[in-house]
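Here's the structure, in structure tokens; my notes come after.
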2 protein chains.
Amino acid sequence: MSRHDLTALFDPVSVVVVGASDNRAKWGNWLALGALKGPRPVYLVNARADTVLGRPAYRSVRDVPGPVGLAAIAVPAAHVDEAVDDAIAMGATAIVGISTGLGESGPEGRAREAALAARVRDAGAVLLGPNCLGVFDSGAGLELSSNPLPSGRVAFVSQSGNLSLELASLLVEHGMGFSRFASLGNQAHLEAADLVLGCIDHEGTDAIAVYAEDFRDGRRFVAAAREAADAGKPVVLLTVGAGEASARQAQSHTGSMVSSSAVVDAACHEAGVIRVHTPQEMADVLAQLCAVSRADGPRIAVLADGGGHASIAADVAEHAGLVVPHFSPALSGAVAAHLPPSASTANPVDVAGGGEQDITCFAKVADAVLASGEVDALVMSGYFGGYGVYGGDLETGENATAARLAAVARERGRALAVHSMFPQSTAAVALRAGGVPVYRSVEGAVRSLAISVRARDLDPLPVLPPPAEPLATTDYWASRALLTDAGVPFPGARVVTSRSDVVAAAVELRFPLVLKGLGLLHKSDSGGVVLGLRDVGSLLAAYDDVVARLAPPACSVEEMADLTEGVELIVGVRRDPRFGPVAMVGLGGIYTEVIHDVATALAPVSPHHVERLLRSLRGSALLTGARGRRPVDVAAAARIVALVTDVAAAHPELADVEVNPLLVTPDGALALDARTLPA
Amino acid sequence: MSRHDLTALFDPVSVVVVGASDNRAKWGNWLALGALKGPRPVYLVNARADTVLGRPAYRSVRDVPGPVGLAAIAVPAAHVDEAVDDAIAMGATAIVGISTGLGESGPEGRAREAALAARVRDAGAVLLGPNCLGVFDSGAGLELSSNPLPSGRVAFVSQSGNLSLELASLLVEHGMGFSRFASLGNQAHLEAADLVLGCIDHEGTDAIAVYAEDFRDGRRFVAAAREAADAGKPVVLLTVGAGEASARQAQSHTGSMVSSSAVVDAACHEAGVIRVHTPQEMADVLAQLCAVSRADGPRIAVLADGGGHASIAADVAEHAGLVVPHFSPALSGAVAAHLPPSASTANPVDVAGGGEQDITCFAKVADAVLASGEVDALVMSGYFGGYGVYGGDLETGENATAARLAAVARERGRALAVHSMFPQSTAAVALRAGGVPVYRSVEGAVRSLAISVRARDLDPLPVLPPPAEPLATTDYWASRALLTDAGVPFPGARVVTSRSDVVAAAVELRFPLVLKGLGLLHKSDSGGVVLGLRDVGSLLAAYDDVVARLAPPACSVEEMADLTEGVELIVGVRRDPRFGPVAMVGLGGIYTEVIHDVATALAPVSPHHVERLLRSLRGSALLTGARGRRPVDVAAAARIVALVTDVAAAHPELADVEVNPLLVTPDGALALDARTLPA
């Protein structure tokens, strides 16, 4: 997809700090100090001072003597427009808006901010912020932030400032740091998606971390992240709004549009994005992503000194969804060859004191295990790192073993993750130097490994179709017709508004029949649906009764499906304000209401993907023939669900399209009811 | 319950180290060095040396010149019996068996170990181990371990050595340490339960941590832990075997009997024990338990500087099962009084830079929030601890605020847990000094708070009844009779072995009837159950057909229950090798098989407790009237389930007692099928 050239932002020809200050409590001071560390010309602008930081200061950007590249704006809101316009006039190609009091202040500020962004865009420049906390590029020597940041290979795009400080310190513990940092602020022009795109070709970046509360154009973010993932630059996302309280807070904080957690999960799935929930998790996962080798699957071996550590690591791994397979006799034998007789050698491996006897056993076992093809990764847990700490004479050997372990992970191309009780030991440092992530807790090592297993076979991204002719009305019959026209099968049916209509319908349709009162909010709850009508007499009686009780504008007479061997599904497509149409599919009826068993995906969803969603349901055994039933036709159901998502995606004027129930039997699938709601 | 006096173990009159050594790689060296740090006489015994560590050594315990208190045995397995017998003869009241090669080596070693333990017990002494890693008492100055341990207020009882090192270093980060440590080893005499009991009255202990792979007498462990919890000494348990691999490992490692995770959970629930899954979690929870105030409920407030930290903490909290309620207008106003206008004040609270303006705002907000009665705890997350680090002039104020925060938590009697990006800052140290736990990650703070919310209203512990007369046979009819005699209602039924029996049954019973072929493994799968027989003719036809196809030894003719408004439950009581009879109750039929929706408790279970289990099921809405159904008689079902658990508990010869289905309708409950299996 089309990208902004962000060189102007991350490696500008010069930096102008507008609002530069000697006051050490001000942004204009921090920005100036940071800018001056870099290799490029820096111009300090202050409307009232002749010098700042002992250097000549300029009254306006217009007075700057050299070419203007990036202008960092740290003046009160009232002066922002002038400063930006001056910078554009002087040829600035990037604006970093630190100033607050625009878009986040209310409707008036939002309008000013939008106009400002438009002027920047029209000038061919880019705007980061406003209300942002700066930008950083380690390789380019650009440091426009409130605090120094550690250098490394992670690009961090963030809507929060303090989180960047926390992530920085957590990465430092992993021996890591930032290649780039960009604070999003109000995203008036550059959005998270643009920053992600701008880092894909950045040589200094191995992985991209994003903290966002509001995704703006969510589909664009998904496409950008997917492009990064496909290019081998995995994206890790931390967002909020999973719970009620944080959604409340994020909305009041920035006016952000917060999407539901299930929608974000669906978006991450499409995008190949790894979602995390805390800064610690983010740092831990980034360490896996930047490691010398990554895991291509969930099978791991565990290697520890002591049964306790071995067992705990295995339990945590299985709980995290990893698999700890029993070794083949051949592999178990190969492992045993390096260990004392008391060792456990079948996975988890407990060296049982073998480390004291021969510290190199860890590397030998790791090599045997990672060469075997029986696992995708090895997790070491517990004492390693401490042999040198406690028994001084083992330190050299332990460090050499650490280096050898890193070499094994590289040579075998399989992941190695280490939990060490001694995360600051020289052996741990040696492991990190070789590209092996080392964690201070076993859950840190194992859970981050589990969620960073490389995704394979990502589906093509869903493409939104061009909008179709909007639906004129959204009553039951119009909804049904919309779906029928798209190929969704329904039972035969007729609209009736009189007793003679009823008789005519009875002639054309096949008994047993169902009578539905139309235009009623909850048809079945209000007694507006009568099932199992076996002859004209009972059909007419039912019609008379429904009309007398509920006075619906019309009724529908429909052939009644045979539910005997069927399973009811529910399909709904709702429109998220950020991610557009989102499909939910689940087991219908009591399952949906009682255990809320649904799966979510961005619409439109392919039949293949729908099948996967259906099989991911907790109750999916119902579809494949539990308790001696015949399996139902999941493929037919998937085709119909996919059609429903196609229709919904083509109708942005609809907030909701629902088929409930969708009956799926061993011999096919049939929509039994439909509903649409205008946006 | 009866306790061993463990003064002899933790505060002996003297220590004899048998196998004391100058070799720095040997246990006999470490023990001697540790023992000599203490305030009591130490005697070093070595069969071949005249001196050890420059002190006179004795050839045998029998040569020791003073009173013998604790004897630590670190000699090869072949010499253990002699050493222990000598120690007993000299009046030793505690034996610490470091030596390996006994119970864990095979059947012969187990027999020797059992005999040894019996001799120690008969002498009125206690034996820790063998195959253990020592004992430590901070207050008594007893240090018999391989490494120095930090002093503090946590008693740790462990079946693993390396875990004690890890827990020690994790506690040190929290400014905590051990009051006592005891390594369990093979538990030949003293078991985990004994050590827990022995710490209840220990003044230096605030909380008891246990790592165990094998609980031995599980019911005794539950009773001991419960006694500790009731006495205000909460017990935290780390165990393994939740996954397949660790169960495999633990069994091969120590021959331990590993109980299923659900059984351990049930045991923990009864015992009021907090279960954790990693050493880090254990340390984090212990910090909450030893804090100045604990949470009595799940409602928390979040206080942060920055919307990101506020929202993430709230999300993590809700995910962990805590509640983040919206503040009342009054409380929100009280909070706002201390903060700048840009702050969010309704929970989560974002001070939005308020800390820089007035660092004391944190304590003021905390006081308002914890005094309000609207929450049970406050979680601070993010920057606090850093105001002093970055802005030097704020350091004094931040430290004073930290002290004030601790005072607020104490005065208000409500929990305060802090996540700080600066966990080693002076403010963090000041918080810890005041009894406020400080965590390096928000998940550490929040999850540990969630699982340490004080349990209320624990049920009385289930009491195993005396064994009843064992069941002679366990066929269907005998099982049914056993339960019927106990008061479990079944539909009317007759055993039939001939067509004339069938006719007689038809006269006595009420149609419709069910015919069941008896003695068949899976009655319904093999077509051995025929439902809905409405007259004698169809009953006879069904009988003839079942006899012809399956040739059962007998059949049962039973009145058929009306399932229309009913929900099927399943009840089973299985015998765990460690914890005895364990009850499972769940939604029956398709729910059990498809979504495995069951709850577990130690049997016998009271009707009140059964009701709670039923209401805890994911699908419990089925019982309370989902989708317009009438609610079913949960109380009646609970009474019957309780009866089934009573019966199973009284029959230790049965491995399994099952009622499936147990039909519960709006008007009562009825067992429709039963099964027992011999142990």
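Residue numbering restarts at 1 for every chain of the structure tokens, chains are lettered A, B, ... in their displayed order, and ligands are numbered from 1 as they appear.
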Legend entry - Non-local contacts of B:Glu658 (8 Å; only C-alpha atoms; under 4 positions in same chain excluded) as an MDAnalysis selection string: chainID B and resid 570:573 674:676
Closest pair table for chain B residues within 8 Å of chain A, only C-alpha atoms, as a tab-separated table:
residue	atom	partner	partner_atom	distance
B:Gln159	CA	A:Gly308	CA	7.9
B:Ser160	CA	A:Gly308	CA	5.7
B:Gly161	CA	A:Gly306	CA	7.8
B:Asn162	CA	A:Gly306	CA	6.7
B:Leu163	CA	A:Gly308	CA	6.8
B:Glu166	CA	A:Met421	CA	5.8
B:Ser169	CA	A:Met421	CA	7.9
B:Thr239	CA	A:Ile312	CA	7.8
B:Val240	CA	A:Ile312	CA	6.0
B:Gly241	CA	A:Asp315	CA	6.8
B:Ala242	CA	A:Asp315	CA	5.7
B:Gly243	CA	A:Asp315	CA	5.0
B:Glu244	CA	A:Asp315	CA	7.9
B:Ala245	CA	A:Val324	CA	6.1
B:Ser246	CA	A:Ser311	CA	4.4
B:Ala247	CA	A:Ser311	CA	7.5
B:Gln249	CA	A:Ser311	CA	6.4
B:Ala250	CA	A:Gly307	CA	6.8
B:Ser252	CA	A:Ser344	CA	7.2
B:His253	CA	A:Gly307	CA	6.4
B:His277	CA	A:Ile312	CA	7.2
B:Thr278	CA	A:Ile312	CA	6.6
B:Pro279	CA	A:Ser441	CA	7.9
B:Gln280	CA	A:Ser441	CA	6.3
B:Gly306	CA	A:Asn162	CA	6.7
B:Gly307	CA	A:His253	CA	6.5
B:Gly308	CA	A:Ser160	CA	5.7
B:His309	CA	A:Leu163	CA	7.1
B:Ala310	CA	A:Ser246	CA	7.4
B:Ser311	CA	A:Ser246	CA	4.4
B:Ile312	CA	A:Val240	CA	6.0
B:Ala314	CA	A:Ser246	CA	5.6
B:Asp315	CA	A:Gly243	CA	5.0
B:Val316	CA	A:His277	CA	7.3
B:Glu318	CA	A:Gly243	CA	5.9
B:His319	CA	A:Gly243	CA	7.3
B:Val324	CA	A:Ala245	CA	6.1
B:Pro325	CA	A:Ala245	CA	7.3
B:His326	CA	A:Ala245	CA	7.4
B:Ser344	CA	A:His253	CA	6.9
B:Asn347	CA	A:Ala245	CA	7.0
B:Pro348	CA	A:Gln249	CA	6.4
B:Gly382	CA	A:Asn162	CA	7.5
B:Tyr383	CA	A:Asn162	CA	7.1
B:Met421	CA	A:Glu166	CA	5.8
B:Ser441	CA	A:Gln280	CA	6.3
B:Val442	CA	A:Thr278	CA	7.3
B:Glu443	CA	A:Thr278	CA	7.2
B:Asp525	CA	A:Gly628	CA	7.8
B:Ile590	CA	A:Arg627	CA	7.2
B:Glu593	CA	A:Ala626	CA	7.7
B:Val594	CA	A:Gly619	CA	5.4
B:Ile595	CA	A:Gly619	CA	5.8
B:Arg618	CA	A:Ile595	CA	6.2
B:Gly619	CA	A:Val594	CA	5.5
B:Ser620	CA	A:Val594	CA	7.6
B:Ala621	CA	A:Val594	CA	5.8
B:Leu622	CA	A:Val594	CA	6.8
B:Ala626	CA	A:Val594	CA	7.1
B:Arg627	CA	A:Ile590	CA	7.2
Inset, instruction - Would you please work out which residue, of B:Asp667, B:Glu143, B:Glu558, B:Glu653, is nearest to B:Leu9 when using only C-alpha atoms? - result: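 Closest residue, counting only C-alpha atoms: B:Glu143.
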Inset, instruction - Name the residues in contact with stretch 187-199 of chain A at a cut-off of 9 Å, using only C-alpha atoms, excluding same-chain residues fewer than 2 positions from it; report them as an NGL selection string. - result: :A and (1-7 or 103 or 110 or 113-114 or 116-118 or 120-121 or 126-132 or 155-159 or 180 or 182 or 184-185 or 201-205 or 207-212 or 214-218 or 220-225 or 227-228 or 233 or 235)
Inset, instruction - Step one, run DSSP on the backbone; step two, keep only residues of stretch 540-632 of chain A assigned to helix (DSSP H, G or I); then write them as a VMD selection string. - result: chain A and resid 540 to 550 590 to 595 607 to 615 621 to 624 626 to 628
Okay, now the selection with C-alpha atoms, as a PDB file, in the first residue's frame?
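In the end it all went to out.pdb:
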ATOM      1  CA  LEU A 540     -55.800 -20.213   9.598  1.00  0.00           C
ATOM      2  CA  ALA A 541     -56.475 -20.557  13.291  1.00  0.00           C
ATOM      3  CA  ALA A 542     -52.907 -19.532  14.056  1.00  0.00           C
ATOM      4  CA  TYR A 543     -53.185 -16.568  11.696  1.00  0.00           C
ATOM      5  CA  ASP A 544     -56.404 -15.396  13.325  1.00  0.00           C
ATOM      6  CA  ASP A 545     -54.854 -15.730  16.757  1.00  0.00           C
ATOM      7  CA  VAL A 546     -51.646 -13.840  15.929  1.00  0.00           C
ATOM      8  CA  VAL A 547     -53.567 -11.066  14.211  1.00  0.00           C
ATOM      9  CA  ALA A 548     -55.975 -10.775  17.137  1.00  0.00           C
ATOM     10  CA  ARG A 549     -53.237 -10.724  19.753  1.00  0.00           C
ATOM     11  CA  LEU A 550     -50.453  -8.765  18.055  1.00  0.00           C
ATOM     12  CA  ILE A 590     -29.103 -22.018  24.000  1.00  0.00           C
ATOM     13  CA  TYR A 591     -25.363 -22.268  23.307  1.00  0.00           C
ATOM     14  CA  THR A 592     -25.012 -18.662  22.302  1.00  0.00           C
ATOM     15  CA  GLU A 593     -26.985 -17.389  25.239  1.00  0.00           C
ATOM     16  CA  VAL A 594     -25.729 -19.718  27.909  1.00  0.00           C
ATOM     17  CA  ILE A 595     -22.069 -20.151  27.097  1.00  0.00           C
ATOM     18  CA  PRO A 607     -15.834 -20.023   3.266  1.00  0.00           C
ATOM     19  CA  HIS A 608     -12.489 -21.599   4.139  1.00  0.00           C
ATOM     20  CA  HIS A 609     -11.982 -19.158   6.990  1.00  0.00           C
ATOM     21  CA  VAL A 610     -15.564 -19.612   8.203  1.00  0.00           C
ATOM     22  CA  GLU A 611     -14.938 -23.347   8.452  1.00  0.00           C
ATOM     23  CA  ARG A 612     -11.925 -22.626  10.598  1.00  0.00           C
ATOM     24  CA  LEU A 613     -13.964 -20.337  12.833  1.00  0.00           C
ATOM     25  CA  LEU A 614     -16.647 -22.982  13.234  1.00  0.00           C
ATOM     26  CA  ARG A 615     -14.111 -25.635  14.113  1.00  0.00           C
ATOM     27  CA  ALA A 621     -17.874 -31.324  18.494  1.00  0.00           C
ATOM     28  CA  LEU A 622     -21.604 -30.795  17.947  1.00  0.00           C
ATOM     29  CA  LEU A 623     -20.829 -30.223  14.286  1.00  0.00           C
ATOM     30  CA  THR A 624     -18.591 -33.198  13.791  1.00  0.00           C
ATOM     31  CA  ALA A 626     -20.842 -35.874  19.058  1.00  0.00           C
ATOM     32  CA  ARG A 627     -22.665 -38.643  20.890  1.00  0.00           C
ATOM     33  CA  GLY A 628     -23.280 -40.780  17.862  1.00  0.00           C
TER      34      GLY A 628
END
Once you count only C-alpha atoms, what closest atom pair and distance in Å to one decimal does each residue of stretch 417-536 of chain A within 8 Å of stretch 360-379 of chain A have, with rows by chain and rising residue number, as a Markdown table?
| residue | atom | partner | partner_atom | distance |
| --- | --- | --- | --- | --- |
| A:Ala417 | CA | A:Val379 | CA | 4.9 |
| A:Val418 | CA | A:Val379 | CA | 5.6 |
| A:His419 | CA | A:Val379 | CA | 7.5 |
| A:Ala445 | CA | A:Val379 | CA | 7.5 |
| A:Val446 | CA | A:Val379 | CA | 7.2 |
Inset, instruction - Quote the spacing between atom CA of B:Asp22 and atom CA of B:Pro56 in Å to one decimal place. - result: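 Separation of atom CA of B:Asp22 and atom CA of B:Pro56: 12.1 Å.
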Residues within 12 Å of B:Asp393, only C-alpha atoms, excluding chain neighbours under 4 positions, as an mmCIF file with N, CA, C and O atoms, in the first residue's frame:
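out14.cif, written as the output of this step:
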data_model
loop_
_atom_site.group_PDB
_atom_site.id
_atom_site.type_symbol
_atom_site.label_atom_id
_atom_site.label_comp_id
_atom_site.auth_asym_id
_atom_site.auth_seq_id
_atom_site.Cartn_x
_atom_site.Cartn_y
_atom_site.Cartn_z
ATOM 1 N N ALA A 25 12.289 22.532 33.005
ATOM 2 C CA ALA A 25 11.019 21.820 33.192
ATOM 3 C C ALA A 25 10.156 21.870 31.939
ATOM 4 O O ALA A 25 8.990 21.484 31.978
ATOM 5 N N GLU B 356 3.691 15.859 39.065
ATOM 6 C CA GLU B 356 4.727 16.882 38.963
ATOM 7 C C GLU B 356 4.300 18.159 39.683
ATOM 8 O O GLU B 356 5.117 18.872 40.256
ATOM 9 N N GLN B 357 2.988 18.447 39.632
ATOM 10 C CA GLN B 357 2.519 19.671 40.288
ATOM 11 C C GLN B 357 2.489 19.525 41.795
ATOM 12 O O GLN B 357 2.802 20.446 42.530
ATOM 13 N N ASP B 358 2.057 18.344 42.255
ATOM 14 C CA ASP B 358 1.972 18.117 43.699
ATOM 15 C C ASP B 358 2.094 16.623 43.944
ATOM 16 O O ASP B 358 1.121 15.879 43.811
ATOM 17 N N ILE B 359 3.293 16.214 44.319
ATOM 18 C CA ILE B 359 3.555 14.783 44.466
ATOM 19 C C ILE B 359 2.684 14.174 45.561
ATOM 20 O O ILE B 359 2.380 12.980 45.541
ATOM 21 N N GLY B 386 9.438 7.295 40.132
ATOM 22 C CA GLY B 386 10.310 7.918 39.147
ATOM 23 C C GLY B 386 10.387 9.428 39.249
ATOM 24 O O GLY B 386 11.255 10.044 38.638
ATOM 25 N N TYR B 387 9.467 10.027 40.022
ATOM 26 C CA TYR B 387 9.503 11.488 40.125
ATOM 27 C C TYR B 387 10.829 11.925 40.723
ATOM 28 O O TYR B 387 11.437 12.896 40.279
ATOM 29 N N GLY B 388 11.272 11.165 41.722
ATOM 30 C CA GLY B 388 12.558 11.462 42.330
ATOM 31 C C GLY B 388 13.718 11.096 41.425
ATOM 32 O O GLY B 388 14.752 11.771 41.417
ATOM 33 N N VAL B 389 13.562 10.030 40.659
ATOM 34 C CA VAL B 389 14.657 9.566 39.800
ATOM 35 C C VAL B 389 14.934 10.596 38.708
ATOM 36 O O VAL B 389 16.085 10.954 38.448
ATOM 37 N N GLY B 397 9.956 14.709 48.517
ATOM 38 C CA GLY B 397 8.499 14.677 48.573
ATOM 39 C C GLY B 397 7.949 13.323 48.182
ATOM 40 O O GLY B 397 6.960 12.850 48.765
ATOM 41 N N GLU B 398 8.577 12.679 47.218
ATOM 42 C CA GLU B 398 8.090 11.373 46.785
ATOM 43 C C GLU B 398 8.285 10.328 47.890
ATOM 44 O O GLU B 398 7.400 9.507 48.131
ATOM 45 N N ASN B 399 9.410 10.385 48.546
ATOM 46 C CA ASN B 399 9.646 9.427 49.628
ATOM 47 C C ASN B 399 8.666 9.656 50.776
ATOM 48 O O ASN B 399 8.146 8.701 51.360
#
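For B:Leu663, the list of residues within 8 Å, based on only C-alpha atoms and with local chain neighbours fewer than 5 positions off taken out, reads B:Leu563, B:Gly566, B:Val567, B:Glu568, B:Leu569, B:Ala669, B:Leu670, B:Ala671, B:Leu672.
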Inset, instruction - In Å, rounded to a single decimal, give me how far atom CA of B:Ser146 is from atom CA of A:Tyr439. - result: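 Separating atom CA of A:Tyr439 from atom CA of B:Ser146 is a distance of 24.7 Å.
Residues of stretch 180-310 of chain A assigned to strand (DSSP E or B) by DSSP on this structure's backbone: Arg180, Phe181, Ala182, Ser183, Ala207, Ile208, Ala209, Val210, Tyr211, Val235, Val236, Leu237, Leu238, Ile274, Arg275, Val276, Arg299, Ile300, Ala301, Val302, Leu303 and Ala304 of chain A.
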Inset, instruction - Find the residues around A:Pro467 up to 9 Å (only C-alpha atoms counted), leave out those fewer than 4 positions away in its own chain, and share them as a PyMOL selection string. - result: chain A and resi 649-653
Inset, instruction - Give me the residues within 9 Å of B:Gly28 as an NGL selection string, counting only C-alpha atoms and dropping any in the same chain fewer than 2 places off. - result: :B and (17-26 or 30-33 or 72-75)
Legend entry - Which residue of B:Ala295, B:Ala402, B:Val585, B:Val530 approaches B:Ser452 most closely, using only C-alpha atoms: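 So, comparing all the options, the nearest one is B:Ala295.
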